[in-house]
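The structure appears right after this line, and notes come after that.
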Amino acid sequence: MDLVEITDENWRAVADVAPRDDQRRYVAALAASYLLLSDRERVWTSLGISEGDQIVGHIMWGEEEGIAWIGGMVIDSEYQRRGFGRAAMERMLHRLPHREVRLSVHPDNTAAIALYDELGFKPTNMWDDDEQVYALRR
Ligand SMILES: CC(C)(COP(=O)(O)OP(=O)(O)OC[C@H]1O[C@@H](n2cnc3c(N)ncnc32)[C@H](O)[C@@H]1OP(=O)(O)O)[C@@H](O)C(=O)NCCC(=O)NCCS
C-alpha cells in the first residue's frame, strides 16, 4: 500500500473510487468530488491510495492554524476490509509532522470510528454540521 500524488495518469482511477451504496450518507458518492474540492479550493490536498498498479482509495489532508486535518477517506467498495484503510491512515499520520491531527465523522459511522479509536483518536466536543470532530494529540 502506498499514498501517491494525483497525476495525469492516475486521476481518473482516483475519481472513480466509490464507497458502498449504504456508506454514501457518510462520504461523497465518488472521490471525484474530493478531487475537485482539492483542485478548486486549495485547502485540501488529495492523495490516491494504491496497491501495486491499482488505485484502491482516496484520502486528503489539510492544515489550519498548525493543526492537521484528514478527510475524504474512502476505500473503494471492492477493496474494503483488507487492511487498506488502516494502512492508509497510519501512513498519512506518519507523514504529518503536526502535534495534533483532527478529522470529523458521523456518529453512526461505527466502522470508521472503530478504526480511528484504534489509532488513538479521541472524540472532542466540537462538531462540523452532523459530524463529530475527533483529535489525535501526540
Ligand atoms: C472506514 C473505511 C475507510 C475503512 O477502510 P477498510 O480498508 O475497509 O478498513 P480496514 O480493512 O483497514 O479495517 C480497519 C478497521 O476498521 C474497522 N472496520 C472496517 N470496516 C468495518 C466494518 N464493515 N464493520 C466494522 N468495523 C469495520 C475495524 O475496526 C477494522 O479493524 P479490524 O479489521 O481489526 O476489525 C471504509 O470502510 C470506507 O471507505 N468506508 C466508507 C467511507 C467512510 O466512511 N470514510 C470515513 C469517513 S469519516
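In the C-alpha cells, chains take the letters A, B, ... in the order shown, each chain's residues start at 1, and ligands count up from 1 in the order shown.
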Q | For stretch 17-28 of chain A: contacts at 10 Å, only C-alpha atoms, fewer than 4 positions along chain excluded, given as a ChimeraX atom specification | A | /A:12-13,32-34,48-49,55-58,71-80,105-109,112,130-131
Q. What lies within 10 Å of A:Gly62 using only C-alpha atoms, ignoring chain neighbours under 5 positions off, as an MDAnalysis selection string?
A. chainID A and resid 38 42:46 67:71 96 101:102
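Proximity of A:Glu100, A:Glu9, A:Glu51, A:Glu63 to ligand 1, computed with only C-alpha atoms and all ligand atoms, is greatest for A:Glu51.
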Q) Counting only C-alpha atoms, which of A:Ile113, A:Asp8, A:Leu3, A:Arg81 gets nearest to A:Ile59? A) A:Leu3
Q.
From a backbone DSSP assignment, name each residue in chain A labelled helix (DSSP H, G or I), as a PyMOL selection string.
A. chain A and resi 11-15+21-23+32-41+77-79+84-95+110-118
